[in-house]
file run-v8.cif (mmCIF, C-alpha atoms)
data_protein
#
loop_
_atom_site.group_PDB
_atom_site.id
_atom_site.type_symbol
_atom_site.label_atom_id
_atom_site.label_comp_id
_atom_site.auth_asym_id
_atom_site.auth_seq_id
_atom_site.Cartn_x
_atom_site.Cartn_y
_atom_site.Cartn_z
ATOM 1 C CA MET A 1 99.071 74.979 115.011
ATOM 2 C CA LYS A 2 98.757 76.328 118.537
ATOM 3 C CA ALA A 3 101.851 77.973 120.029
ATOM 4 C CA ALA A 4 101.985 75.377 122.819
ATOM 5 C CA ASP A 5 102.042 72.518 120.292
ATOM 6 C CA ALA A 6 104.560 74.293 118.097
ATOM 7 C CA ALA A 7 106.828 74.787 121.106
ATOM 8 C CA LEU A 8 107.100 71.003 121.495
ATOM 9 C CA LEU A 9 108.752 70.942 118.049
ATOM 10 C CA ILE A 10 111.628 73.209 119.117
ATOM 11 C CA LYS A 11 114.822 71.317 118.281
ATOM 12 C CA ILE A 12 117.395 70.161 120.835
ATOM 13 C CA PRO A 13 121.125 70.822 120.175
ATOM 14 C CA ARG A 14 122.877 67.566 119.310
ATOM 15 C CA ASN A 15 125.546 67.731 122.068
ATOM 16 C CA LYS A 16 127.106 69.929 124.727
ATOM 17 C CA THR A 17 129.675 71.547 122.437
ATOM 18 C CA VAL A 18 127.153 72.695 119.832
ATOM 19 C CA LEU A 19 124.832 73.870 122.612
ATOM 20 C CA MET A 20 127.609 76.162 123.841
ATOM 21 C CA GLN A 21 128.381 77.249 120.289
ATOM 22 C CA HIS A 22 124.700 78.049 119.706
ATOM 23 C CA LEU A 23 124.507 80.159 122.866
ATOM 24 C CA GLN A 24 127.723 81.920 121.851
ATOM 25 C CA LEU A 25 126.323 82.757 118.409
ATOM 26 C CA LEU A 26 123.039 84.105 119.785
ATOM 27 C CA VAL A 27 124.836 86.400 122.228
ATOM 28 C CA PHE A 28 127.207 87.461 119.428
ATOM 29 C CA ARG A 29 124.068 88.464 117.473
ATOM 30 C CA ARG A 30 123.087 90.812 120.316
ATOM 31 C CA HIS A 31 120.728 88.520 122.182
ATOM 32 C CA TYR A 32 122.231 89.897 125.374
ATOM 33 C CA TRP A 33 119.170 89.474 127.589
ATOM 34 C CA TRP A 34 118.674 86.051 129.083
ATOM 35 C CA CYS A 35 117.326 83.948 131.922
ATOM 36 C CA SER A 36 117.803 80.271 132.624
ATOM 37 C CA GLY A 37 116.928 77.426 134.955
ATOM 38 C CA VAL A 38 116.733 73.685 135.445
ATOM 39 C CA ILE A 39 113.446 71.806 135.433
ATOM 40 C CA SER A 40 112.278 68.208 135.610
ATOM 41 C CA ALA A 41 111.598 66.655 132.203
ATOM 42 C CA SER A 42 108.113 65.721 133.419
ATOM 43 C CA LYS A 43 107.258 69.422 133.751
ATOM 44 C CA MET A 44 108.651 70.542 130.407
ATOM 45 C CA GLY A 45 105.328 70.303 128.550
ATOM 46 C CA GLY A 46 103.532 72.776 130.761
ATOM 47 C CA PHE A 47 106.570 74.996 131.107
ATOM 48 C CA VAL A 48 107.338 75.401 127.412
ATOM 49 C CA ALA A 49 103.627 75.982 126.728
ATOM 50 C CA LYS A 50 103.686 78.847 129.240
ATOM 51 C CA MET A 51 106.802 80.298 127.618
ATOM 52 C CA ALA A 52 105.176 80.072 124.172
ATOM 53 C CA VAL A 53 102.252 82.170 125.431
ATOM 54 C CA ARG A 54 104.575 84.760 126.967
ATOM 55 C CA TYR A 55 107.148 85.046 124.165
ATOM 56 C CA PRO A 56 107.346 84.462 120.372
ATOM 57 C CA ILE A 57 109.654 81.434 120.753
ATOM 58 C CA THR A 58 108.076 79.515 117.868
ATOM 59 C CA ARG A 59 108.663 82.180 115.218
ATOM 60 C CA THR A 60 110.633 81.247 112.107
ATOM 61 C CA ALA A 61 113.756 83.129 111.055
ATOM 62 C CA ARG A 62 111.665 85.068 108.539
ATOM 63 C CA GLY A 63 109.084 85.864 111.206
ATOM 64 C CA ARG A 64 111.747 87.131 113.613
ATOM 65 C CA ALA A 65 113.227 89.329 110.880
ATOM 66 C CA TYR A 66 109.788 90.819 110.248
ATOM 67 C CA ASP A 67 109.231 91.372 113.973
ATOM 68 C CA ARG A 68 112.438 93.396 114.198
ATOM 69 C CA THR A 69 111.184 95.794 111.524
ATOM 70 C CA ARG A 70 108.210 96.420 113.805
ATOM 71 C CA GLY A 71 110.341 97.003 116.900
ATOM 72 C CA ARG A 72 109.516 93.644 118.429
ATOM 73 C CA ALA A 73 112.182 91.465 120.025
ATOM 74 C CA ALA A 74 113.328 88.094 118.742
ATOM 75 C CA VAL A 75 113.205 85.485 121.519
ATOM 76 C CA HIS A 76 114.806 82.039 121.475
ATOM 77 C CA PHE A 77 114.068 79.097 123.764
ATOM 78 C CA ILE A 78 116.776 76.454 124.155
ATOM 79 C CA ALA A 79 116.515 73.228 126.139
ATOM 80 C CA PHE A 80 119.153 70.570 126.785
ATOM 81 C CA PRO A 81 118.808 67.314 128.762
ATOM 82 C CA LEU A 82 120.973 66.727 131.821
ATOM 83 C CA LYS A 83 121.316 63.661 134.014
ATOM 84 C CA ASN A 84 118.544 62.349 136.282
ATOM 85 C CA ASN A 85 115.737 63.493 133.927
ATOM 86 C CA GLN A 86 116.584 67.153 134.450
ATOM 87 C CA VAL A 87 116.530 69.723 131.641
ATOM 88 C CA VAL A 88 118.428 73.016 131.552
ATOM 89 C CA TRP A 89 116.705 75.790 129.602
ATOM 90 C CA TRP A 90 117.459 79.323 128.412
ATOM 91 C CA LEU A 91 115.444 82.227 127.093
ATOM 92 C CA LEU A 92 117.511 84.734 125.114
ATOM 93 C CA SER A 93 116.285 87.880 123.403
ATOM 94 C CA ASP A 94 117.549 90.968 121.698
ATOM 95 C CA GLU A 95 116.143 94.386 122.497
ATOM 96 C CA GLY A 96 112.615 95.294 121.550
ATOM 97 C CA LYS A 97 108.997 95.092 122.612
ATOM 98 C CA GLY A 98 108.145 91.767 124.209
ATOM 99 C CA GLY A 99 111.765 90.852 124.907
ATOM 100 C CA LEU A 100 113.418 90.226 128.245
ATOM 101 C CA ASN A 101 114.576 93.840 128.482
ATOM 102 C CA ASP A 102 110.960 95.009 128.169
ATOM 103 C CA SER A 103 109.857 95.835 131.721
ATOM 104 C CA THR A 104 106.292 94.772 130.915
ATOM 105 C CA THR A 105 107.233 91.134 130.256
ATOM 106 C CA PRO A 106 106.722 88.590 133.076
ATOM 107 C CA ASP A 107 110.400 87.651 133.432
ATOM 108 C CA ALA A 108 112.041 91.049 132.999
ATOM 109 C CA HIS A 109 112.733 91.210 136.748
ATOM 110 C CA VAL A 110 114.948 88.087 136.620
ATOM 111 C CA ALA A 111 116.572 88.689 133.227
ATOM 112 C CA LYS A 112 120.318 89.324 133.060
ATOM 113 C CA ASN A 113 122.441 91.194 130.546
ATOM 114 C CA ALA A 114 125.348 89.102 129.195
ATOM 115 C CA MET A 115 127.356 92.286 128.646
ATOM 116 C CA THR A 116 127.524 93.091 132.350
ATOM 117 C CA GLY A 117 130.084 91.704 134.779
ATOM 118 C CA ASP A 118 127.498 89.892 136.888
ATOM 119 C CA GLY A 119 125.349 88.778 133.977
ATOM 120 C CA HIS A 120 127.576 86.392 132.033
ATOM 121 C CA VAL A 121 125.967 83.206 130.734
ATOM 122 C CA ILE A 122 127.275 80.219 132.732
ATOM 123 C CA PHE A 123 126.932 76.537 131.871
ATOM 124 C CA THR A 124 128.478 73.877 134.131
ATOM 125 C CA ASP A 125 132.226 74.738 134.331
ATOM 126 C CA TYR A 126 132.115 77.417 131.639
ATOM 127 C CA VAL A 127 131.325 81.125 131.384
ATOM 128 C CA LEU A 128 130.641 83.086 128.190
ATOM 129 C CA HIS A 129 132.458 86.406 128.121
ATOM 130 C CA TYR A 130 133.616 89.148 125.769
ATOM 131 C CA ALA A 131 137.341 88.659 125.302
ATOM 132 C CA HIS A 132 140.213 90.505 123.666
ATOM 133 C CA LYS A 133 142.820 88.355 121.978
ATOM 134 C CA LYS A 134 145.542 88.241 119.337
ATOM 135 C CA ASP A 135 144.416 86.637 116.094
ATOM 136 C CA ALA A 136 147.218 85.211 113.932
ATOM 137 C CA ARG A 137 146.764 85.880 110.225
ATOM 138 C CA HIS A 138 148.969 85.237 107.186
ATOM 139 C CA LEU A 139 149.050 88.304 104.940
ATOM 140 C CA PRO A 140 151.175 89.023 101.838
ATOM 141 C CA ASP A 141 154.226 91.192 102.414
ATOM 142 C CA LYS A 142 154.312 93.944 99.766
ATOM 143 C CA LYS A 143 158.113 94.090 99.844
ATOM 144 C CA THR A 144 158.930 90.391 99.591
ATOM 145 C CA GLY A 145 155.725 89.039 98.053
ATOM 146 C CA LYS A 146 155.714 86.271 100.621
ATOM 147 C CA ASP A 147 153.185 85.646 103.338
ATOM 148 C CA LYS A 148 154.011 86.967 106.782
ATOM 149 C CA LEU A 149 152.453 86.254 110.153
ATOM 150 C CA VAL A 150 150.562 89.230 111.583
ATOM 151 C CA LEU A 151 148.964 89.340 115.039
ATOM 152 C CA LYS A 152 145.820 91.439 115.003
ATOM 153 C CA ASP A 153 143.880 92.586 118.064
ATOM 154 C CA VAL A 154 140.310 91.272 117.917
ATOM 155 C CA SER A 155 137.414 91.156 120.358
ATOM 156 C CA THR A 156 134.850 88.394 120.382
ATOM 157 C CA TRP A 157 132.566 86.275 122.521
ATOM 158 C CA THR A 158 134.117 83.045 123.726
ATOM 159 C CA TRP A 159 133.719 80.459 126.448
ATOM 160 C CA LYS A 160 136.312 79.955 129.154
ATOM 161 C CA LEU A 161 136.516 77.958 132.353
ATOM 162 C CA THR A 162 135.055 79.712 135.354
ATOM 163 C CA ASP A 163 137.631 81.011 137.823
ATOM 164 C CA THR A 164 136.546 78.312 140.279
ATOM 165 C CA ALA A 165 136.970 75.461 137.768
ATOM 166 C CA PHE A 166 140.301 76.814 136.518
ATOM 167 C CA ASN A 167 141.784 77.301 139.986
ATOM 168 C CA GLU A 168 140.524 73.922 141.205
ATOM 169 C CA THR A 169 142.186 72.230 138.232
ATOM 170 C CA LYS A 170 145.473 74.002 138.980
ATOM 171 C CA ALA A 171 145.248 72.846 142.597
ATOM 172 C CA THR A 172 144.553 69.268 141.463
ATOM 173 C CA ILE A 173 147.676 69.334 139.282
ATOM 174 C CA GLU A 174 149.749 70.650 142.188
ATOM 175 C CA ARG A 175 148.417 67.943 144.500
ATOM 176 C CA ALA A 176 149.161 65.187 141.972
ATOM 177 C CA ALA A 177 152.712 66.467 141.534
ATOM 178 C CA VAL A 178 153.363 66.621 145.285
ATOM 179 C CA ASN A 179 152.091 63.050 145.590
ATOM 180 C CA PHE A 180 154.365 61.870 142.716
ATOM 181 C CA GLU A 181 151.296 60.856 140.677
ATOM 182 C CA TYR A 182 152.701 60.878 137.160
ATOM 183 C CA GLY A 183 149.662 58.822 136.090
ATOM 184 C CA ASP A 184 148.236 57.739 132.772
ATOM 185 C CA GLU A 185 146.395 59.556 129.965
ATOM 186 C CA GLY A 186 143.755 56.835 129.895
ATOM 187 C CA ALA A 187 144.145 55.634 126.300
ATOM 188 C CA HIS A 188 142.863 52.219 125.169
ATOM 189 C CA GLY A 189 140.269 51.989 127.914
ATOM 190 C CA ARG A 190 142.610 52.676 130.808
ATOM 191 C CA ARG A 191 141.567 54.982 133.623
ATOM 192 C CA PRO A 192 143.060 58.489 133.350
ATOM 193 C CA TRP A 193 144.768 59.577 136.546
ATOM 194 C CA GLY A 194 147.628 61.653 137.900
ATOM 195 C CA VAL A 195 149.179 64.606 136.102
ATOM 196 C CA LEU A 196 148.925 62.896 132.710
ATOM 197 C CA GLY A 197 145.255 62.073 133.219
ATOM 198 C CA ILE A 198 144.360 65.578 134.394
ATOM 199 C CA LEU A 199 146.000 67.157 131.348
ATOM 200 C CA ALA A 200 144.414 64.671 128.946
ATOM 201 C CA CYS A 201 140.980 65.507 130.368
ATOM 202 C CA GLN A 202 141.612 69.228 129.850
ATOM 203 C CA ARG A 203 142.503 68.621 126.191
ATOM 204 C CA SER A 204 139.160 66.863 125.692
ATOM 205 C CA ARG A 205 137.179 69.972 126.700
ATOM 206 C CA PRO A 206 135.262 71.993 124.064
ATOM 207 C CA LEU A 207 138.177 74.006 122.700
ATOM 208 C CA PHE A 208 136.699 77.464 122.303
ATOM 209 C CA SER A 209 139.477 80.036 122.091
ATOM 210 C CA GLY A 210 139.125 81.030 125.748
ATOM 211 C CA VAL A 211 139.185 77.411 126.935
ATOM 212 C CA ARG A 212 142.073 76.591 124.612
ATOM 213 C CA THR A 213 144.161 79.420 126.086
ATOM 214 C CA GLN A 214 143.456 78.151 129.607
ATOM 215 C CA VAL A 215 144.325 74.544 128.706
ATOM 216 C CA ILE A 216 147.696 75.769 127.419
ATOM 217 C CA GLU A 217 148.199 77.638 130.688
ATOM 218 C CA LEU A 218 147.350 74.468 132.648
ATOM 219 C CA HIS A 219 150.017 72.573 130.712
ATOM 220 C CA ARG A 220 152.547 75.278 131.595
ATOM 221 C CA HIS A 221 151.422 75.015 135.219
ATOM 222 C CA ALA A 222 151.942 71.247 135.119
ATOM 223 C CA ASP A 223 155.395 71.636 133.537
ATOM 224 C CA SER A 224 156.390 73.924 136.380
ATOM 225 C CA HIS A 225 155.120 71.800 139.252
ATOM 226 C CA TRP A 226 155.980 68.389 137.827
ATOM 227 C CA GLY A 227 159.430 69.696 136.912
ATOM 228 C CA ARG A 228 160.160 70.194 140.621
ATOM 229 C CA VAL A 229 159.643 66.495 141.437
ATOM 230 C CA LYS A 230 160.380 64.764 138.133
ATOM 231 C CA ARG A 231 163.982 63.788 138.870
ATOM 232 C CA LYS A 232 163.068 62.317 142.224
ATOM 233 C CA TRP A 233 160.192 60.386 140.636
ATOM 234 C CA GLN A 234 162.520 59.116 137.901
ATOM 235 C CA GLY A 235 164.995 57.967 140.533
ATOM 236 C CA GLN A 236 162.243 55.905 142.163
ATOM 237 C CA HIS A 237 161.205 54.405 138.798
ATOM 238 C CA SER A 238 164.559 53.734 137.173
ATOM 239 C CA ALA A 239 163.405 50.372 135.784
ATOM 240 C CA GLU A 240 160.494 52.042 133.994
ATOM 241 C CA ARG A 241 162.817 54.710 132.649
ATOM 242 C CA GLN A 242 165.019 52.069 131.043
ATOM 243 C CA LEU A 243 162.026 50.297 129.501
ATOM 244 C CA ASP A 244 160.684 53.553 128.034
ATOM 245 C CA ALA A 245 164.026 54.619 126.585
ATOM 246 C CA GLY A 246 164.340 57.523 128.978
ATOM 247 C CA ASP A 247 160.819 58.898 128.415
ATOM 248 C CA ALA A 248 159.327 57.840 131.744
ATOM 249 C CA GLY A 249 158.216 60.810 133.775
ATOM 250 C CA GLU A 250 158.183 63.201 130.826
ATOM 251 C CA LEU A 251 155.136 65.319 129.956
ATOM 252 C CA ARG A 252 154.166 66.143 126.401
ATOM 253 C CA THR A 253 155.991 69.232 125.216
ATOM 254 C CA LEU A 254 153.950 72.386 124.855
ATOM 255 C CA LYS A 255 154.880 72.500 121.159
ATOM 256 C CA GLU A 256 153.456 69.004 120.630
ATOM 257 C CA VAL A 257 150.318 69.808 122.615
ATOM 258 C CA MET A 258 149.588 72.988 120.657
ATOM 259 C CA SER A 259 150.305 71.523 117.230
ATOM 260 C CA CYS A 260 148.755 68.065 117.614
ATOM 261 C CA HIS A 261 146.277 67.986 120.486
ATOM 262 C CA LEU A 262 144.461 71.334 120.595
ATOM 263 C CA PRO A 263 142.588 71.773 117.302
ATOM 264 C CA LYS A 264 140.889 75.122 116.856
ATOM 265 C CA MET A 265 137.111 75.203 117.120
ATOM 266 C CA VAL A 266 135.134 75.131 113.873
ATOM 267 C CA ARG A 267 131.445 75.764 113.281
ATOM 268 C CA ILE A 268 129.404 72.616 113.892
ATOM 269 C CA ALA A 269 125.813 71.994 112.798
ATOM 270 C CA VAL A 270 123.574 72.591 115.805
ATOM 271 C CA TYR A 271 121.058 69.886 114.908
ATOM 272 C CA GLY A 272 121.489 66.418 113.436
ATOM 273 C CA ASP A 273 119.691 64.992 110.398
ATOM 274 C CA ASP A 274 116.915 63.695 112.639
ATOM 275 C CA PRO A 275 117.002 66.146 115.555
ATOM 276 C CA LYS A 276 115.324 65.490 118.863
ATOM 277 C CA THR A 277 112.728 68.004 120.032
ATOM 278 C CA VAL A 278 111.362 69.313 123.299
ATOM 279 C CA GLY A 279 108.505 66.856 122.812
ATOM 280 C CA ASP A 280 110.975 63.970 122.778
ATOM 281 C CA LEU A 281 112.118 64.965 126.264
ATOM 282 C CA LEU A 282 108.584 64.319 127.498
ATOM 283 C CA GLN A 283 108.424 60.914 125.782
ATOM 284 C CA ASN A 284 111.673 59.872 127.456
ATOM 285 C CA GLU A 285 110.401 60.751 130.923
#
call {"tool": "encode", "arguments": {"input": "run-v8.cif", "output": "structure tokens"}}
result
Amino acid sequence: MKAADAALLIKIPRNKTVLMQHLQLLVFRRHYWWCSGVISASKMGGFVAKMAVRYPITRTARGRAYDRTRGRAAVHFIAFPLKNNQVVWWLLSDEGKGGLNDSTTPDAHVAKNAMTGDGHVIFTDYVLHYAHKKDARHLPDKKTGKDKLVLKDVSTWTWKLTDTAFNETKATIERAAVNFEYGDEGAHGRRPWGVLGILACQRSRPLFSGVRTQVIELHRHADSHWGRVKRKWQGQHSAERQLDAGDAGELRTLKEVMSCHLPKMVRIAVYGDDPKTVGDLLQNE
């Protein structure tokens, strides 16, 4: 099979969360060099064919392992459909001949290094970065024989909200509080709005450890700013407060949010049982 035809069989990640998880895993495996762009679905056929000529993007896992023993880079091509028949794509490679860090390759001049401050992978509101965090682990205590909680310093790749997205969300919370917009979480088909709606939307984000930490911080931010106006709001909605047994105007406690509404991320299969391919993007155009 020709490389151009094989490239049309490259699988598409099943959703946004697993796309981000896939990118995270590739960078974790030292595919630091990358470039990306957005292209019309109608142009994907010619584009992916060109990439297949330039780079070994159709190699199998066994083929990539063999290439590494020969000093050649492993290169991955990832595509994901956006709205309006647009497709976002990435090339990622590790170091080696024919990779994006090889100055002789056509795209070496535009390639970025995910390890550098100005080279982080960005997707919509999120940025992939190397983070240091405390990892909670239960280990046996030699003295008591019981498990004890130990916080261990670990470093890993994780997604977080960009500074712009994070700060804009904080400002939106502040504005809703000033305007006494307690709001609604949007359950049962209702429209989410106000402080409650903003926080509910944050909890529905892909909860990578970096994002999860920021969502907790946004809840603390909301507690602070809503707390300044809550009593006045309650005074204006005394009838509601009586109907809700005193709960009107209250936000979910941070303990409840962390224990019940922010599950930790687990590994998800990148592709479904019948995965779509780059070729399917052309058929849908």
call {"tool": "closest_residue", "arguments": {"input": "run-v8.cif", "among": "A:Ile57, A:Leu128, A:Val257, A:Leu262", "to": "A:Leu25", "atoms": "all atoms listed in the file"}}
result
A:Leu128
call {"tool": "atom_distance", "arguments": {"input": "run-v8.cif", "atom1": "atom CA of A:Ser224", "atom2": "atom CA of A:Gln236"}}
result
19.8 Å
call {"tool": "closest_residue", "arguments": {"input": "run-v8.cif", "among": "A:Ile216, A:Ala74, A:Val195, A:Ala165", "to": "A:Met258", "atoms": "only C-alpha atoms"}}
result
A:Ile216
call {"tool": "atom_distance", "arguments": {"input": "run-v8.cif", "atom1": "atom CA of A:Leu282", "atom2": "atom CA of A:Arg14"}}
result
16.8 Å
call {"tool": "resolve_selection", "arguments": {"input": "run-v8.cif", "expression": "the PyMOL selection byres ((chain A and resi 114) around 12)", "output": "number ranges by chain"}}
result
A: 23-24, 26-35, 92-94, 101, 111-113, 115-122, 127-130, 157-158
call {"tool": "closest_residue", "arguments": {"input": "run-v8.cif", "among": "A:Gly210, A:Glu95, A:Trp233, A:Thr104", "to": "A:Gly183", "atoms": "all atoms listed in the file"}}
result
A:Trp233
call {"tool": "residues_around", "arguments": {"input": "run-v8.cif", "residues": "A:Val211", "least_positions_apart": "3", "cutoff": "8 Å", "atoms": "all atoms listed in the file", "output": "list in words"}}
result
Trp159, Lys160, Leu161, Arg205, Pro206, Leu207, Phe208, Gln214 and Val215 of chain A
call {"tool": "atom_distance", "arguments": {"input": "run-v8.cif", "atom1": "atom CA of A:Asp125", "atom2": "atom CA of A:Pro275"}}
result
25.7 Å
call {"tool": "build_atoms", "arguments": {"input": "run-v8.cif", "residues": "stretch 227-237 of chain A", "atoms": "all heavy atoms", "output": "PDB file, keeping the file's coordinate frame"}}
result
ATOM      1  N   GLY A 227     157.986  69.544 137.071  1.00  0.00           N
ATOM      2  CA  GLY A 227     159.430  69.696 136.912  1.00  0.00           C
ATOM      3  C   GLY A 227     160.172  69.719 138.237  1.00  0.00           C
ATOM      4  O   GLY A 227     161.351  69.343 138.300  1.00  0.00           O
ATOM      5  N   ARG A 228     159.512  70.124 139.317  1.00  0.00           N
ATOM      6  CA  ARG A 228     160.160  70.194 140.621  1.00  0.00           C
ATOM      7  C   ARG A 228     160.368  68.809 141.243  1.00  0.00           C
ATOM      8  O   ARG A 228     161.234  68.646 142.114  1.00  0.00           O
ATOM      9  CB  ARG A 228     159.316  71.048 141.575  1.00  0.00           C
ATOM     10  CG  ARG A 228     159.118  72.472 141.092  1.00  0.00           C
ATOM     11  CD  ARG A 228     158.135  73.216 141.996  1.00  0.00           C
ATOM     12  NE  ARG A 228     157.775  74.517 141.426  1.00  0.00           N
ATOM     13  CZ  ARG A 228     156.878  75.332 141.968  1.00  0.00           C
ATOM     14  NH1 ARG A 228     156.261  74.985 143.082  1.00  0.00           N
ATOM     15  NH2 ARG A 228     156.597  76.488 141.385  1.00  0.00           N
ATOM     16  N   VAL A 229     159.568  67.832 140.817  1.00  0.00           N
ATOM     17  CA  VAL A 229     159.643  66.495 141.437  1.00  0.00           C
ATOM     18  C   VAL A 229     160.021  65.406 140.440  1.00  0.00           C
ATOM     19  O   VAL A 229     160.189  64.248 140.820  1.00  0.00           O
ATOM     20  CB  VAL A 229     158.295  66.135 142.103  1.00  0.00           C
ATOM     21  CG1 VAL A 229     157.915  67.175 143.151  1.00  0.00           C
ATOM     22  CG2 VAL A 229     157.185  66.005 141.059  1.00  0.00           C
ATOM     23  N   LYS A 230     160.178  65.780 139.172  1.00  0.00           N
ATOM     24  CA  LYS A 230     160.380  64.764 138.133  1.00  0.00           C
ATOM     25  C   LYS A 230     161.627  63.917 138.378  1.00  0.00           C
ATOM     26  O   LYS A 230     161.571  62.677 138.284  1.00  0.00           O
ATOM     27  CB  LYS A 230     160.464  65.433 136.757  1.00  0.00           C
ATOM     28  CG  LYS A 230     160.648  64.449 135.610  1.00  0.00           C
ATOM     29  CD  LYS A 230     160.646  65.161 134.270  1.00  0.00           C
ATOM     30  CE  LYS A 230     161.843  66.082 134.114  1.00  0.00           C
ATOM     31  NZ  LYS A 230     161.905  66.687 132.768  1.00  0.00           N
ATOM     32  N   ARG A 231     162.738  64.550 138.692  1.00  0.00           N
ATOM     33  CA  ARG A 231     163.982  63.788 138.870  1.00  0.00           C
ATOM     34  C   ARG A 231     163.856  62.795 140.027  1.00  0.00           C
ATOM     35  O   ARG A 231     164.340  61.670 139.936  1.00  0.00           O
ATOM     36  CB  ARG A 231     165.149  64.743 139.091  1.00  0.00           C
ATOM     37  CG  ARG A 231     165.576  65.490 137.842  1.00  0.00           C
ATOM     38  CD  ARG A 231     166.868  66.250 138.060  1.00  0.00           C
ATOM     39  NE  ARG A 231     167.305  66.935 136.863  1.00  0.00           N
ATOM     40  CZ  ARG A 231     167.985  66.369 135.878  1.00  0.00           C
ATOM     41  NH1 ARG A 231     168.306  65.080 135.956  1.00  0.00           N
ATOM     42  NH2 ARG A 231     168.352  67.064 134.809  1.00  0.00           N
ATOM     43  N   LYS A 232     163.239  63.226 141.090  1.00  0.00           N
ATOM     44  CA  LYS A 232     163.068  62.317 142.224  1.00  0.00           C
ATOM     45  C   LYS A 232     162.165  61.155 141.839  1.00  0.00           C
ATOM     46  O   LYS A 232     162.427  60.003 142.194  1.00  0.00           O
ATOM     47  CB  LYS A 232     162.485  63.072 143.417  1.00  0.00           C
ATOM     48  CG  LYS A 232     162.418  62.244 144.685  1.00  0.00           C
ATOM     49  CD  LYS A 232     162.008  63.082 145.877  1.00  0.00           C
ATOM     50  CE  LYS A 232     161.986  62.251 147.154  1.00  0.00           C
ATOM     51  NZ  LYS A 232     161.590  63.072 148.337  1.00  0.00           N
ATOM     52  N   TRP A 233     161.083  61.445 141.102  1.00  0.00           N
ATOM     53  CA  TRP A 233     160.192  60.386 140.636  1.00  0.00           C
ATOM     54  C   TRP A 233     160.943  59.426 139.722  1.00  0.00           C
ATOM     55  O   TRP A 233     160.801  58.204 139.836  1.00  0.00           O
ATOM     56  CB  TRP A 233     159.001  60.996 139.885  1.00  0.00           C
ATOM     57  CG  TRP A 233     157.974  59.985 139.444  1.00  0.00           C
ATOM     58  CD1 TRP A 233     156.853  59.601 140.113  1.00  0.00           C
ATOM     59  CD2 TRP A 233     157.990  59.226 138.228  1.00  0.00           C
ATOM     60  NE1 TRP A 233     156.158  58.658 139.399  1.00  0.00           N
ATOM     61  CE2 TRP A 233     156.849  58.406 138.227  1.00  0.00           C
ATOM     62  CE3 TRP A 233     158.857  59.163 137.146  1.00  0.00           C
ATOM     63  CZ2 TRP A 233     156.536  57.540 137.192  1.00  0.00           C
ATOM     64  CZ3 TRP A 233     158.563  58.279 136.098  1.00  0.00           C
ATOM     65  CH2 TRP A 233     157.410  57.490 136.134  1.00  0.00           C
ATOM     66  N   GLN A 234     161.764  59.962 138.810  1.00  0.00           N
ATOM     67  CA  GLN A 234     162.520  59.116 137.901  1.00  0.00           C
ATOM     68  C   GLN A 234     163.496  58.229 138.655  1.00  0.00           C
ATOM     69  O   GLN A 234     163.719  57.077 138.288  1.00  0.00           O
ATOM     70  CB  GLN A 234     163.260  59.979 136.871  1.00  0.00           C
ATOM     71  CG  GLN A 234     162.340  60.619 135.843  1.00  0.00           C
ATOM     72  CD  GLN A 234     163.069  61.562 134.923  1.00  0.00           C
ATOM     73  OE1 GLN A 234     164.086  62.153 135.302  1.00  0.00           O
ATOM     74  NE2 GLN A 234     162.558  61.718 133.703  1.00  0.00           N
ATOM     75  N   GLY A 235     164.078  58.775 139.732  1.00  0.00           N
ATOM     76  CA  GLY A 235     164.995  57.967 140.533  1.00  0.00           C
ATOM     77  C   GLY A 235     164.297  56.797 141.195  1.00  0.00           C
ATOM     78  O   GLY A 235     164.885  55.728 141.385  1.00  0.00           O
ATOM     79  N   GLN A 236     163.018  56.980 141.541  1.00  0.00           N
ATOM     80  CA  GLN A 236     162.243  55.905 142.163  1.00  0.00           C
ATOM     81  C   GLN A 236     161.714  54.907 141.141  1.00  0.00           C
ATOM     82  O   GLN A 236     161.270  53.820 141.505  1.00  0.00           O
ATOM     83  CB  GLN A 236     161.067  56.499 142.950  1.00  0.00           C
ATOM     84  CG  GLN A 236     161.482  57.362 144.134  1.00  0.00           C
ATOM     85  CD  GLN A 236     160.292  58.024 144.800  1.00  0.00           C
ATOM     86  OE1 GLN A 236     159.173  57.977 144.288  1.00  0.00           O
ATOM     87  NE2 GLN A 236     160.534  58.671 145.922  1.00  0.00           N
ATOM     88  N   HIS A 237     161.744  55.277 139.845  1.00  0.00           N
ATOM     89  CA  HIS A 237     161.205  54.405 138.798  1.00  0.00           C
ATOM     90  C   HIS A 237     162.248  54.175 137.712  1.00  0.00           C
ATOM     91  O   HIS A 237     161.961  54.251 136.520  1.00  0.00           O
ATOM     92  CB  HIS A 237     159.948  55.032 138.181  1.00  0.00           C
ATOM     93  CG  HIS A 237     158.828  55.219 139.151  1.00  0.00           C
ATOM     94  ND1 HIS A 237     158.797  56.247 140.071  1.00  0.00           N
ATOM     95  CD2 HIS A 237     157.694  54.496 139.345  1.00  0.00           C
ATOM     96  CE1 HIS A 237     157.682  56.160 140.781  1.00  0.00           C
ATOM     97  NE2 HIS A 237     157.001  55.104 140.368  1.00  0.00           N
TER      98      HIS A 237
END
